[in-house]
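Student: What follows is a structure written as structure tokens; I'll ask about it next.
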Amino acid sequence: AEIQVVDRIFDKQAAARMGLEWEGQVCILIHSGSRGLGHQVATDSLVQMEKAMARDEIETNDRQLACARIKSEEGQEYLKAMAAAANYAFVNRSSMTFLCRQAFAKQFGSTPDELDMAVVYDVSHNIAKIEEHMVDGKPRTLLVHRKGSTRAFPPHHPLIPVDYQFSGQPVLIG
């Protein structure tokens with residue numbers, strides 16, 4: 001966890017929707033994931049996927065792009081292991097958030113509720129998600145794996161929470 005201070009607000013309306021209301025406001029950034037479990041899943045899957053690629057005659061120009069057909073045994077095993085790592089990461093961030101709130105409450109002789117320490121945004125990254133995309137002019141259902149990033153939807157997108165319908169998903173620079 002990292003204690004940060006709002007240095008500059010570029011869009012006051014969007015910031016207010018996120019509870020970021022003034023320059024100098026103290027915030028906590030928790031950037032944590034599965035504590036190595038996700039990396040281990042990827043490392044373990046790499047060998048199995050390379051074997052599946054040879055079997056299924058799939059070629060890539062980089063070993064780190066190793067893959068398997070989603071419906072194959074290797075693909076299904078990877079998806080299960082990735083889901084377990086993502087669940088662990090979510091619980092890890094939730095636990096860290098709880099402990100951070102407790103520590104601040106203790107330090108300031110208050111309760112977490114009185115301090116109004118709300119989660120601005122929680123998003124998983126480094127995971128594969130099923131998405132709809134246009135490929136060669138036709139809609140396709142794809143499994144997209146973003147390494148080190150996450151998808152960000154624009155305003156009014158049907159898949160984002162009501163709180164962000166007018167601003168789109170947050171982009172926090174820290």
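Identifiers in this document derive from the order of the structure tokens: chains are assigned A, B, ..., residues are numbered from 1 separately in each chain, and ligands are numbered from 1 in order of occurrence.
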Considering only C-alpha atoms, tabulate each residue of region 66-149 of chain A that lies at most 8 Å from region 47-57 of chain A along with its nearest interatomic pair and the corresponding distance in Å to one decimal; arrange the rows by chain and ascending residue number and present them as a Markdown table.

Tutor:
| residue | atom | partner | partner_atom | distance |
| --- | --- | --- | --- | --- |
| A:Ala66 | CA | A:Met49 | CA | 5.8 |
| A:Cys67 | CA | A:Met49 | CA | 5.2 |
| A:Ala68 | CA | A:Met49 | CA | 5.4 |
| A:Glu74 | CA | A:Met49 | CA | 6.5 |
| A:Gly75 | CA | A:Met49 | CA | 7.9 |

Student: Can you check which parts of region 28-96 of chain A lie within 9 Å of region 111-127 of chain A? Per residue, the shortest pair of atoms and distance in Å to one decimal, counting only C-alpha atoms, sorted by chain and number, as CSV.

Tutor:
residue,atom,partner,partner_atom,distance
A:Ile28,CA,A:Met117,CA,8.9
A:Gly33,CA,A:Ser124,CA,8.0
A:Gly38,CA,A:Asn126,CA,8.3
A:Met82,CA,A:Ile127,CA,7.0
A:Ala83,CA,A:Ile127,CA,8.2
A:Ala86,CA,A:Ser124,CA,7.2
A:Ala89,CA,A:Ser124,CA,8.0
A:Phe90,CA,A:Ser124,CA,7.7
A:Arg93,CA,A:Asp122,CA,8.6

Student: Kindly give the distance, in Å, that separates CA of Ala81 (chain A) and CA of Ser149 (chain A), rounded to a single decimal.

Tutor: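 If I compute the distance from CA of Ala81 (chain A) to CA of Ser149 (chain A), I get 19.2 Å.
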
Student: Can you tell me, as a list of chain:residue names, what residues are no more than 12 Å from Val6 (chain A) when counting only C-alpha atoms, ignoring any on the same chain fewer than 6 positions away?

Tutor: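 With the cut-off at 12 Å, the set is A:Ala15, A:Gly19, A:Leu20, A:Glu21, A:Trp22, A:Glu23, A:Gly24, A:Gln25, A:Val26, A:Cys27, A:Ile28, A:Leu29, A:Leu172, A:Ile173, A:Gly174.
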
Student: Residues of region 51-99 of chain A in helix (DSSP H, G or I) according to DSSP, as a PDB file with all heavy atoms, in the first residue's frame?

Tutor:
ATOM      1  N   LYS A  51       3.534 -27.604 -25.706  1.00  0.00           N
ATOM      2  CA  LYS A  51       3.240 -28.954 -26.202  1.00  0.00           C
ATOM      3  C   LYS A  51       1.948 -28.949 -27.021  1.00  0.00           C
ATOM      4  O   LYS A  51       1.874 -29.582 -28.087  1.00  0.00           O
ATOM      5  CB  LYS A  51       3.122 -29.937 -25.036  1.00  0.00           C
ATOM      6  CG  LYS A  51       4.437 -30.218 -24.344  1.00  0.00           C
ATOM      7  CD  LYS A  51       4.222 -31.151 -23.160  1.00  0.00           C
ATOM      8  CE  LYS A  51       5.530 -31.342 -22.387  1.00  0.00           C
ATOM      9  NZ  LYS A  51       5.324 -32.149 -21.168  1.00  0.00           N
ATOM     10  N   ALA A  52       0.941 -28.218 -26.534  1.00  0.00           N
ATOM     11  CA  ALA A  52      -0.329 -28.135 -27.255  1.00  0.00           C
ATOM     12  C   ALA A  52      -0.146 -27.428 -28.595  1.00  0.00           C
ATOM     13  O   ALA A  52      -0.760 -27.825 -29.601  1.00  0.00           O
ATOM     14  CB  ALA A  52      -1.364 -27.405 -26.408  1.00  0.00           C
ATOM     15  N   MET A  53       0.699 -26.407 -28.634  1.00  0.00           N
ATOM     16  CA  MET A  53       0.959 -25.700 -29.887  1.00  0.00           C
ATOM     17  C   MET A  53       1.592 -26.634 -30.919  1.00  0.00           C
ATOM     18  O   MET A  53       1.208 -26.618 -32.089  1.00  0.00           O
ATOM     19  CB  MET A  53       1.863 -24.499 -29.638  1.00  0.00           C
ATOM     20  CG  MET A  53       1.174 -23.358 -28.910  1.00  0.00           C
ATOM     21  SD  MET A  53       2.299 -22.017 -28.473  1.00  0.00           S
ATOM     22  CE  MET A  53       2.844 -21.470 -30.090  1.00  0.00           C
ATOM     23  N   ALA A  54       2.538 -27.443 -30.470  1.00  0.00           N
ATOM     24  CA  ALA A  54       3.184 -28.396 -31.385  1.00  0.00           C
ATOM     25  C   ALA A  54       2.154 -29.391 -31.908  1.00  0.00           C
ATOM     26  O   ALA A  54       2.098 -29.677 -33.110  1.00  0.00           O
ATOM     27  CB  ALA A  54       4.322 -29.110 -30.675  1.00  0.00           C
ATOM     28  N   ARG A  55       1.331 -29.902 -31.005  1.00  0.00           N
ATOM     29  CA  ARG A  55       0.304 -30.885 -31.381  1.00  0.00           C
ATOM     30  C   ARG A  55      -0.693 -30.287 -32.372  1.00  0.00           C
ATOM     31  O   ARG A  55      -1.077 -30.923 -33.357  1.00  0.00           O
ATOM     32  CB  ARG A  55      -0.419 -31.369 -30.123  1.00  0.00           C
ATOM     33  CG  ARG A  55      -1.534 -32.384 -30.400  1.00  0.00           C
ATOM     34  CD  ARG A  55      -2.427 -32.620 -29.194  1.00  0.00           C
ATOM     35  NE  ARG A  55      -3.187 -31.407 -28.899  1.00  0.00           N
ATOM     36  CZ  ARG A  55      -3.393 -30.936 -27.669  1.00  0.00           C
ATOM     37  NH1 ARG A  55      -2.919 -31.549 -26.611  1.00  0.00           N
ATOM     38  NH2 ARG A  55      -4.088 -29.835 -27.490  1.00  0.00           N
ATOM     39  N   ASP A  56      -1.121 -29.032 -32.101  1.00  0.00           N
ATOM     40  CA  ASP A  56      -2.173 -28.406 -32.903  1.00  0.00           C
ATOM     41  C   ASP A  56      -1.632 -27.543 -34.040  1.00  0.00           C
ATOM     42  O   ASP A  56      -2.392 -26.853 -34.715  1.00  0.00           O
ATOM     43  CB  ASP A  56      -3.073 -27.554 -32.001  1.00  0.00           C
ATOM     44  CG  ASP A  56      -3.811 -28.398 -30.963  1.00  0.00           C
ATOM     45  OD1 ASP A  56      -3.959 -29.615 -31.173  1.00  0.00           O
ATOM     46  OD2 ASP A  56      -4.225 -27.821 -29.936  1.00  0.00           O
ATOM     47  N   ARG A  63       7.999 -16.963 -27.609  1.00  0.00           N
ATOM     48  CA  ARG A  63       7.660 -18.030 -26.658  1.00  0.00           C
ATOM     49  C   ARG A  63       6.665 -17.547 -25.604  1.00  0.00           C
ATOM     50  O   ARG A  63       5.827 -18.303 -25.126  1.00  0.00           O
ATOM     51  CB  ARG A  63       8.943 -18.524 -25.976  1.00  0.00           C
ATOM     52  CG  ARG A  63       8.697 -19.639 -24.991  1.00  0.00           C
ATOM     53  CD  ARG A  63      10.016 -20.172 -24.423  1.00  0.00           C
ATOM     54  NE  ARG A  63       9.762 -21.339 -23.602  1.00  0.00           N
ATOM     55  CZ  ARG A  63       9.701 -21.301 -22.275  1.00  0.00           C
ATOM     56  NH1 ARG A  63       9.871 -20.164 -21.625  1.00  0.00           N
ATOM     57  NH2 ARG A  63       9.465 -22.407 -21.597  1.00  0.00           N
ATOM     58  N   GLN A  64       6.735 -16.267 -25.238  1.00  0.00           N
ATOM     59  CA  GLN A  64       5.825 -15.720 -24.236  1.00  0.00           C
ATOM     60  C   GLN A  64       4.382 -15.632 -24.738  1.00  0.00           C
ATOM     61  O   GLN A  64       3.474 -15.369 -23.968  1.00  0.00           O
ATOM     62  CB  GLN A  64       6.298 -14.338 -23.784  1.00  0.00           C
ATOM     63  CG  GLN A  64       7.611 -14.367 -23.039  1.00  0.00           C
ATOM     64  CD  GLN A  64       7.503 -15.118 -21.713  1.00  0.00           C
ATOM     65  OE1 GLN A  64       6.580 -14.911 -20.949  1.00  0.00           O
ATOM     66  NE2 GLN A  64       8.445 -16.004 -21.463  1.00  0.00           N
ATOM     67  N   LEU A  65       4.177 -15.846 -26.024  1.00  0.00           N
ATOM     68  CA  LEU A  65       2.829 -15.849 -26.590  1.00  0.00           C
ATOM     69  C   LEU A  65       2.273 -17.269 -26.720  1.00  0.00           C
ATOM     70  O   LEU A  65       1.292 -17.488 -27.426  1.00  0.00           O
ATOM     71  CB  LEU A  65       2.826 -15.159 -27.958  1.00  0.00           C
ATOM     72  CG  LEU A  65       3.221 -13.683 -27.954  1.00  0.00           C
ATOM     73  CD1 LEU A  65       3.279 -13.150 -29.378  1.00  0.00           C
ATOM     74  CD2 LEU A  65       2.263 -12.876 -27.106  1.00  0.00           C
ATOM     75  N   GLU A  73      -7.850 -29.450 -23.323  1.00  0.00           N
ATOM     76  CA  GLU A  73      -7.586 -29.723 -21.905  1.00  0.00           C
ATOM     77  C   GLU A  73      -6.632 -28.673 -21.328  1.00  0.00           C
ATOM     78  O   GLU A  73      -6.850 -28.165 -20.224  1.00  0.00           O
ATOM     79  CB  GLU A  73      -6.990 -31.121 -21.733  1.00  0.00           C
ATOM     80  CG  GLU A  73      -6.747 -31.487 -20.283  1.00  0.00           C
ATOM     81  CD  GLU A  73      -6.181 -32.890 -20.110  1.00  0.00           C
ATOM     82  OE1 GLU A  73      -6.282 -33.713 -21.046  1.00  0.00           O
ATOM     83  OE2 GLU A  73      -5.632 -33.149 -19.028  1.00  0.00           O
ATOM     84  N   GLU A  74      -5.594 -28.316 -22.098  1.00  0.00           N
ATOM     85  CA  GLU A  74      -4.627 -27.321 -21.630  1.00  0.00           C
ATOM     86  C   GLU A  74      -5.290 -25.946 -21.448  1.00  0.00           C
ATOM     87  O   GLU A  74      -5.032 -25.253 -20.463  1.00  0.00           O
ATOM     88  CB  GLU A  74      -3.464 -27.191 -22.617  1.00  0.00           C
ATOM     89  CG  GLU A  74      -2.640 -28.439 -22.786  1.00  0.00           C
ATOM     90  CD  GLU A  74      -3.203 -29.408 -23.836  1.00  0.00           C
ATOM     91  OE1 GLU A  74      -4.268 -29.118 -24.442  1.00  0.00           O
ATOM     92  OE2 GLU A  74      -2.562 -30.439 -24.050  1.00  0.00           O
ATOM     93  N   GLY A  75      -6.137 -25.586 -22.402  1.00  0.00           N
ATOM     94  CA  GLY A  75      -6.843 -24.304 -22.317  1.00  0.00           C
ATOM     95  C   GLY A  75      -7.759 -24.245 -21.114  1.00  0.00           C
ATOM     96  O   GLY A  75      -7.792 -23.247 -20.383  1.00  0.00           O
ATOM     97  N   GLN A  76      -8.501 -25.310 -20.892  1.00  0.00           N
ATOM     98  CA  GLN A  76      -9.426 -25.346 -19.749  1.00  0.00           C
ATOM     99  C   GLN A  76      -8.673 -25.346 -18.414  1.00  0.00           C
ATOM    100  O   GLN A  76      -9.085 -24.680 -17.463  1.00  0.00           O
ATOM    101  CB  GLN A  76     -10.342 -26.565 -19.847  1.00  0.00           C
ATOM    102  CG  GLN A  76     -11.363 -26.463 -20.967  1.00  0.00           C
ATOM    103  CD  GLN A  76     -12.318 -25.293 -20.756  1.00  0.00           C
ATOM    104  OE1 GLN A  76     -12.998 -25.219 -19.747  1.00  0.00           O
ATOM    105  NE2 GLN A  76     -12.346 -24.367 -21.709  1.00  0.00           N
ATOM    106  N   GLU A  77      -7.557 -26.069 -18.352  1.00  0.00           N
ATOM    107  CA  GLU A  77      -6.758 -26.091 -17.121  1.00  0.00           C
ATOM    108  C   GLU A  77      -6.176 -24.709 -16.829  1.00  0.00           C
ATOM    109  O   GLU A  77      -6.143 -24.267 -15.679  1.00  0.00           O
ATOM    110  CB  GLU A  77      -5.647 -27.142 -17.211  1.00  0.00           C
ATOM    111  CG  GLU A  77      -6.146 -28.573 -17.147  1.00  0.00           C
ATOM    112  CD  GLU A  77      -6.914 -28.876 -15.862  1.00  0.00           C
ATOM    113  OE1 GLU A  77      -6.447 -28.491 -14.778  1.00  0.00           O
ATOM    114  OE2 GLU A  77      -7.995 -29.490 -15.959  1.00  0.00           O
ATOM    115  N   TYR A  78      -5.727 -24.030 -17.880  1.00  0.00           N
ATOM    116  CA  TYR A  78      -5.193 -22.679 -17.689  1.00  0.00           C
ATOM    117  C   TYR A  78      -6.280 -21.732 -17.176  1.00  0.00           C
ATOM    118  O   TYR A  78      -6.049 -20.950 -16.242  1.00  0.00           O
ATOM    119  CB  TYR A  78      -4.594 -22.121 -18.981  1.00  0.00           C
ATOM    120  CG  TYR A  78      -4.165 -20.683 -18.822  1.00  0.00           C
ATOM    121  CD1 TYR A  78      -3.034 -20.361 -18.073  1.00  0.00           C
ATOM    122  CD2 TYR A  78      -4.912 -19.647 -19.368  1.00  0.00           C
ATOM    123  CE1 TYR A  78      -2.654 -19.037 -17.885  1.00  0.00           C
ATOM    124  CE2 TYR A  78      -4.539 -18.326 -19.183  1.00  0.00           C
ATOM    125  CZ  TYR A  78      -3.414 -18.035 -18.438  1.00  0.00           C
ATOM    126  OH  TYR A  78      -3.048 -16.729 -18.245  1.00  0.00           O
ATOM    127  N   LEU A  79      -7.457 -21.782 -17.780  1.00  0.00           N
ATOM    128  CA  LEU A  79      -8.538 -20.894 -17.352  1.00  0.00           C
ATOM    129  C   LEU A  79      -8.904 -21.130 -15.883  1.00  0.00           C
ATOM    130  O   LEU A  79      -9.150 -20.172 -15.139  1.00  0.00           O
ATOM    131  CB  LEU A  79      -9.766 -21.069 -18.243  1.00  0.00           C
ATOM    132  CG  LEU A  79      -9.626 -20.536 -19.667  1.00  0.00           C
ATOM    133  CD1 LEU A  79     -10.877 -20.841 -20.469  1.00  0.00           C
ATOM    134  CD2 LEU A  79      -9.331 -19.040 -19.655  1.00  0.00           C
ATOM    135  N   LYS A  80      -8.925 -22.386 -15.462  1.00  0.00           N
ATOM    136  CA  LYS A  80      -9.232 -22.688 -14.056  1.00  0.00           C
ATOM    137  C   LYS A  80      -8.150 -22.153 -13.127  1.00  0.00           C
ATOM    138  O   LYS A  80      -8.441 -21.550 -12.090  1.00  0.00           O
ATOM    139  CB  LYS A  80      -9.385 -24.203 -13.861  1.00  0.00           C
ATOM    140  CG  LYS A  80     -10.616 -24.792 -14.504  1.00  0.00           C
ATOM    141  CD  LYS A  80     -10.599 -26.311 -14.350  1.00  0.00           C
ATOM    142  CE  LYS A  80     -11.591 -26.968 -15.260  1.00  0.00           C
ATOM    143  NZ  LYS A  80     -11.444 -28.436 -15.263  1.00  0.00           N
ATOM    144  N   ALA A  81      -6.896 -22.361 -13.500  1.00  0.00           N
ATOM    145  CA  ALA A  81      -5.785 -21.893 -12.665  1.00  0.00           C
ATOM    146  C   ALA A  81      -5.740 -20.369 -12.636  1.00  0.00           C
ATOM    147  O   ALA A  81      -5.503 -19.758 -11.578  1.00  0.00           O
ATOM    148  CB  ALA A  81      -4.467 -22.461 -13.192  1.00  0.00           C
ATOM    149  N   MET A  82      -5.991 -19.733 -13.779  1.00  0.00           N
ATOM    150  CA  MET A  82      -6.016 -18.278 -13.828  1.00  0.00           C
ATOM    151  C   MET A  82      -7.138 -17.727 -12.956  1.00  0.00           C
ATOM    152  O   MET A  82      -6.952 -16.743 -12.226  1.00  0.00           O
ATOM    153  CB  MET A  82      -6.190 -17.790 -15.267  1.00  0.00           C
ATOM    154  CG  MET A  82      -6.181 -16.277 -15.396  1.00  0.00           C
ATOM    155  SD  MET A  82      -6.786 -15.690 -16.987  1.00  0.00           S
ATOM    156  CE  MET A  82      -8.442 -16.333 -17.004  1.00  0.00           C
ATOM    157  N   ALA A  83      -8.303 -18.358 -12.988  1.00  0.00           N
ATOM    158  CA  ALA A  83      -9.425 -17.921 -12.156  1.00  0.00           C
ATOM    159  C   ALA A  83      -9.082 -18.046 -10.673  1.00  0.00           C
ATOM    160  O   ALA A  83      -9.425 -17.167  -9.875  1.00  0.00           O
ATOM    161  CB  ALA A  83     -10.678 -18.725 -12.494  1.00  0.00           C
ATOM    162  N   ALA A  84      -8.402 -19.118 -10.299  1.00  0.00           N
ATOM    163  CA  ALA A  84      -7.992 -19.289  -8.896  1.00  0.00           C
ATOM    164  C   ALA A  84      -7.036 -18.171  -8.488  1.00  0.00           C
ATOM    165  O   ALA A  84      -7.175 -17.587  -7.403  1.00  0.00           O
ATOM    166  CB  ALA A  84      -7.343 -20.653  -8.698  1.00  0.00           C
ATOM    167  N   ALA A  85      -6.087 -17.839  -9.350  1.00  0.00           N
ATOM    168  CA  ALA A  85      -5.137 -16.757  -9.044  1.00  0.00           C
ATOM    169  C   ALA A  85      -5.863 -15.415  -8.969  1.00  0.00           C
ATOM    170  O   ALA A  85      -5.569 -14.594  -8.087  1.00  0.00           O
ATOM    171  CB  ALA A  85      -4.025 -16.717 -10.093  1.00  0.00           C
ATOM    172  N   ALA A  86      -6.812 -15.172  -9.852  1.00  0.00           N
ATOM    173  CA  ALA A  86      -7.571 -13.917  -9.833  1.00  0.00           C
ATOM    174  C   ALA A  86      -8.409 -13.813  -8.563  1.00  0.00           C
ATOM    175  O   ALA A  86      -8.490 -12.733  -7.956  1.00  0.00           O
ATOM    176  CB  ALA A  86      -8.462 -13.811 -11.069  1.00  0.00           C
ATOM    177  N   ASN A  87      -9.019 -14.913  -8.148  1.00  0.00           N
ATOM    178  CA  ASN A  87      -9.787 -14.911  -6.901  1.00  0.00           C
ATOM    179  C   ASN A  87      -8.885 -14.629  -5.709  1.00  0.00           C
ATOM    180  O   ASN A  87      -9.231 -13.856  -4.816  1.00  0.00           O
ATOM    181  CB  ASN A  87     -10.517 -16.241  -6.705  1.00  0.00           C
ATOM    182  CG  ASN A  87     -11.695 -16.392  -7.637  1.00  0.00           C
ATOM    183  OD1 ASN A  87     -12.228 -15.414  -8.149  1.00  0.00           O
ATOM    184  ND2 ASN A  87     -12.097 -17.626  -7.867  1.00  0.00           N
ATOM    185  N   TYR A  88      -7.726 -15.244  -5.691  1.00  0.00           N
ATOM    186  CA  TYR A  88      -6.764 -15.007  -4.616  1.00  0.00           C
ATOM    187  C   TYR A  88      -6.353 -13.539  -4.592  1.00  0.00           C
ATOM    188  O   TYR A  88      -6.278 -12.914  -3.524  1.00  0.00           O
ATOM    189  CB  TYR A  88      -5.541 -15.907  -4.784  1.00  0.00           C
ATOM    190  CG  TYR A  88      -4.524 -15.725  -3.695  1.00  0.00           C
ATOM    191  CD1 TYR A  88      -4.588 -16.475  -2.524  1.00  0.00           C
ATOM    192  CD2 TYR A  88      -3.513 -14.781  -3.817  1.00  0.00           C
ATOM    193  CE1 TYR A  88      -3.668 -16.293  -1.506  1.00  0.00           C
ATOM    194  CE2 TYR A  88      -2.594 -14.585  -2.804  1.00  0.00           C
ATOM    195  CZ  TYR A  88      -2.673 -15.345  -1.651  1.00  0.00           C
ATOM    196  OH  TYR A  88      -1.769 -15.146  -0.639  1.00  0.00           O
ATOM    197  N   ALA A  89      -6.104 -12.972  -5.764  1.00  0.00           N
ATOM    198  CA  ALA A  89      -5.692 -11.571  -5.853  1.00  0.00           C
ATOM    199  C   ALA A  89      -6.784 -10.655  -5.307  1.00  0.00           C
ATOM    200  O   ALA A  89      -6.502  -9.696  -4.583  1.00  0.00           O
ATOM    201  CB  ALA A  89      -5.360 -11.209  -7.304  1.00  0.00           C
ATOM    202  N   PHE A  90      -8.035 -10.954  -5.637  1.00  0.00           N
ATOM    203  CA  PHE A  90      -9.148 -10.125  -5.142  1.00  0.00           C
ATOM    204  C   PHE A  90      -9.225 -10.191  -3.614  1.00  0.00           C
ATOM    205  O   PHE A  90      -9.359  -9.165  -2.942  1.00  0.00           O
ATOM    206  CB  PHE A  90     -10.470 -10.570  -5.760  1.00  0.00           C
ATOM    207  CG  PHE A  90     -11.651  -9.824  -5.211  1.00  0.00           C
ATOM    208  CD1 PHE A  90     -11.920  -8.518  -5.629  1.00  0.00           C
ATOM    209  CD2 PHE A  90     -12.476 -10.391  -4.258  1.00  0.00           C
ATOM    210  CE1 PHE A  90     -12.987  -7.815  -5.107  1.00  0.00           C
ATOM    211  CE2 PHE A  90     -13.543  -9.693  -3.722  1.00  0.00           C
ATOM    212  CZ  PHE A  90     -13.803  -8.400  -4.155  1.00  0.00           C
ATOM    213  N   VAL A  91      -9.127 -11.390  -3.069  1.00  0.00           N
ATOM    214  CA  VAL A  91      -9.170 -11.539  -1.611  1.00  0.00           C
ATOM    215  C   VAL A  91      -7.965 -10.846  -0.975  1.00  0.00           C
ATOM    216  O   VAL A  91      -8.083 -10.198   0.072  1.00  0.00           O
ATOM    217  CB  VAL A  91      -9.239 -13.030  -1.206  1.00  0.00           C
ATOM    218  CG1 VAL A  91      -9.057 -13.212   0.289  1.00  0.00           C
ATOM    219  CG2 VAL A  91     -10.571 -13.622  -1.648  1.00  0.00           C
ATOM    220  N   ASN A  92      -6.810 -10.936  -1.613  1.00  0.00           N
ATOM    221  CA  ASN A  92      -5.614 -10.283  -1.101  1.00  0.00           C
ATOM    222  C   ASN A  92      -5.812  -8.769  -1.037  1.00  0.00           C
ATOM    223  O   ASN A  92      -5.536  -8.133  -0.014  1.00  0.00           O
ATOM    224  CB  ASN A  92      -4.410 -10.643  -1.980  1.00  0.00           C
ATOM    225  CG  ASN A  92      -3.109 -10.142  -1.419  1.00  0.00           C
ATOM    226  OD1 ASN A  92      -2.870 -10.196  -0.217  1.00  0.00           O
ATOM    227  ND2 ASN A  92      -2.250  -9.640  -2.286  1.00  0.00           N
ATOM    228  N   ARG A  93      -6.322  -8.165  -2.110  1.00  0.00           N
ATOM    229  CA  ARG A  93      -6.562  -6.720  -2.111  1.00  0.00           C
ATOM    230  C   ARG A  93      -7.634  -6.342  -1.086  1.00  0.00           C
ATOM    231  O   ARG A  93      -7.513  -5.331  -0.390  1.00  0.00           O
ATOM    232  CB  ARG A  93      -6.980  -6.232  -3.503  1.00  0.00           C
ATOM    233  CG  ARG A  93      -5.852  -6.216  -4.508  1.00  0.00           C
ATOM    234  CD  ARG A  93      -6.238  -5.495  -5.795  1.00  0.00           C
ATOM    235  NE  ARG A  93      -7.471  -5.968  -6.400  1.00  0.00           N
ATOM    236  CZ  ARG A  93      -7.572  -7.041  -7.178  1.00  0.00           C
ATOM    237  NH1 ARG A  93      -6.505  -7.775  -7.442  1.00  0.00           N
ATOM    238  NH2 ARG A  93      -8.732  -7.372  -7.709  1.00  0.00           N
ATOM    239  N   SER A  94      -8.663  -7.153  -0.982  1.00  0.00           N
ATOM    240  CA  SER A  94      -9.729  -6.877  -0.010  1.00  0.00           C
ATOM    241  C   SER A  94      -9.194  -6.931   1.415  1.00  0.00           C
ATOM    242  O   SER A  94      -9.539  -6.082   2.250  1.00  0.00           O
ATOM    243  CB  SER A  94     -10.875  -7.886  -0.168  1.00  0.00           C
ATOM    244  OG  SER A  94     -11.473  -7.747  -1.425  1.00  0.00           O
ATOM    245  N   SER A  95      -8.351  -7.907   1.695  1.00  0.00           N
ATOM    246  CA  SER A  95      -7.756  -8.029   3.032  1.00  0.00           C
ATOM    247  C   SER A  95      -6.844  -6.844   3.327  1.00  0.00           C
ATOM    248  O   SER A  95      -6.865  -6.286   4.433  1.00  0.00           O
ATOM    249  CB  SER A  95      -6.961  -9.332   3.153  1.00  0.00           C
ATOM    250  OG  SER A  95      -7.809 -10.433   2.995  1.00  0.00           O
ATOM    251  N   MET A  96      -6.050  -6.461   2.357  1.00  0.00           N
ATOM    252  CA  MET A  96      -5.156  -5.313   2.535  1.00  0.00           C
ATOM    253  C   MET A  96      -5.958  -4.023   2.760  1.00  0.00           C
ATOM    254  O   MET A  96      -5.581  -3.176   3.572  1.00  0.00           O
ATOM    255  CB  MET A  96      -4.220  -5.171   1.341  1.00  0.00           C
ATOM    256  CG  MET A  96      -3.196  -6.285   1.250  1.00  0.00           C
ATOM    257  SD  MET A  96      -2.215  -6.208  -0.251  1.00  0.00           S
ATOM    258  CE  MET A  96      -1.183  -4.802   0.106  1.00  0.00           C
ATOM    259  N   THR A  97      -7.069  -3.886   2.045  1.00  0.00           N
ATOM    260  CA  THR A  97      -7.932  -2.713   2.222  1.00  0.00           C
ATOM    261  C   THR A  97      -8.493  -2.688   3.638  1.00  0.00           C
ATOM    262  O   THR A  97      -8.480  -1.653   4.310  1.00  0.00           O
ATOM    263  CB  THR A  97      -9.076  -2.727   1.182  1.00  0.00           C
ATOM    264  OG1 THR A  97      -8.505  -2.692  -0.129  1.00  0.00           O
ATOM    265  CG2 THR A  97     -10.015  -1.554   1.369  1.00  0.00           C
ATOM    266  N   PHE A  98      -8.982  -3.826   4.108  1.00  0.00           N
ATOM    267  CA  PHE A  98      -9.520  -3.923   5.471  1.00  0.00           C
ATOM    268  C   PHE A  98      -8.459  -3.540   6.500  1.00  0.00           C
ATOM    269  O   PHE A  98      -8.702  -2.725   7.395  1.00  0.00           O
ATOM    270  CB  PHE A  98     -10.023  -5.349   5.735  1.00  0.00           C
ATOM    271  CG  PHE A  98     -10.437  -5.581   7.159  1.00  0.00           C
ATOM    272  CD1 PHE A  98     -11.683  -5.168   7.611  1.00  0.00           C
ATOM    273  CD2 PHE A  98      -9.565  -6.191   8.046  1.00  0.00           C
ATOM    274  CE1 PHE A  98     -12.053  -5.368   8.933  1.00  0.00           C
ATOM    275  CE2 PHE A  98      -9.933  -6.394   9.372  1.00  0.00           C
ATOM    276  CZ  PHE A  98     -11.178  -5.980   9.813  1.00  0.00           C
ATOM    277  N   LEU A  99      -7.272  -4.107   6.367  1.00  0.00           N
ATOM    278  CA  LEU A  99      -6.197  -3.835   7.330  1.00  0.00           C
ATOM    279  C   LEU A  99      -5.736  -2.375   7.270  1.00  0.00           C
ATOM    280  O   LEU A  99      -5.409  -1.772   8.300  1.00  0.00           O
ATOM    281  CB  LEU A  99      -5.028  -4.782   7.099  1.00  0.00           C
ATOM    282  CG  LEU A  99      -5.323  -6.250   7.421  1.00  0.00           C
ATOM    283  CD1 LEU A  99      -4.194  -7.147   6.925  1.00  0.00           C
ATOM    284  CD2 LEU A  99      -5.582  -6.438   8.903  1.00  0.00           C
TER     285      LEU A  99
END

Student: How far is it from CA of Lys138 (chain A) to CA of Gln169 (chain A), in Å with one decimal?

Tutor: 26.2 Å

Student: In Å, rounded to a single decimal, give me how far CA of Phe153 (chain A) is from CA of His133 (chain A).

Tutor: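 Atom-to-atom, CA of His133 (chain A) and CA of Phe153 (chain A) are spaced 13.4 Å apart.
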
Student: Based on the backbone DSSP call, show me all residues of chain A assigned strand (DSSP E), as number ranges by chain.

Tutor: A: 2-5, 26-29, 128-135, 138-145

Student: Please determine, counting only C-alpha atoms, which residue among A:Ala14, A:Val41, A:Ala1, A:Ile9 has the shortest atom-to-atom distance to Pro155 (chain A).

Tutor: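 Smallest distance to Pro155 (chain A) is found for A:Ala14.
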
Student: Using only C-alpha atoms, which of the listed residues (A:Pro154, A:Gly36, A:Gly109, A:Gly148) sits closest to Phe166 (chain A)?

Tutor: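 Among the listed residues, A:Pro154 lies closest to Phe166 (chain A).
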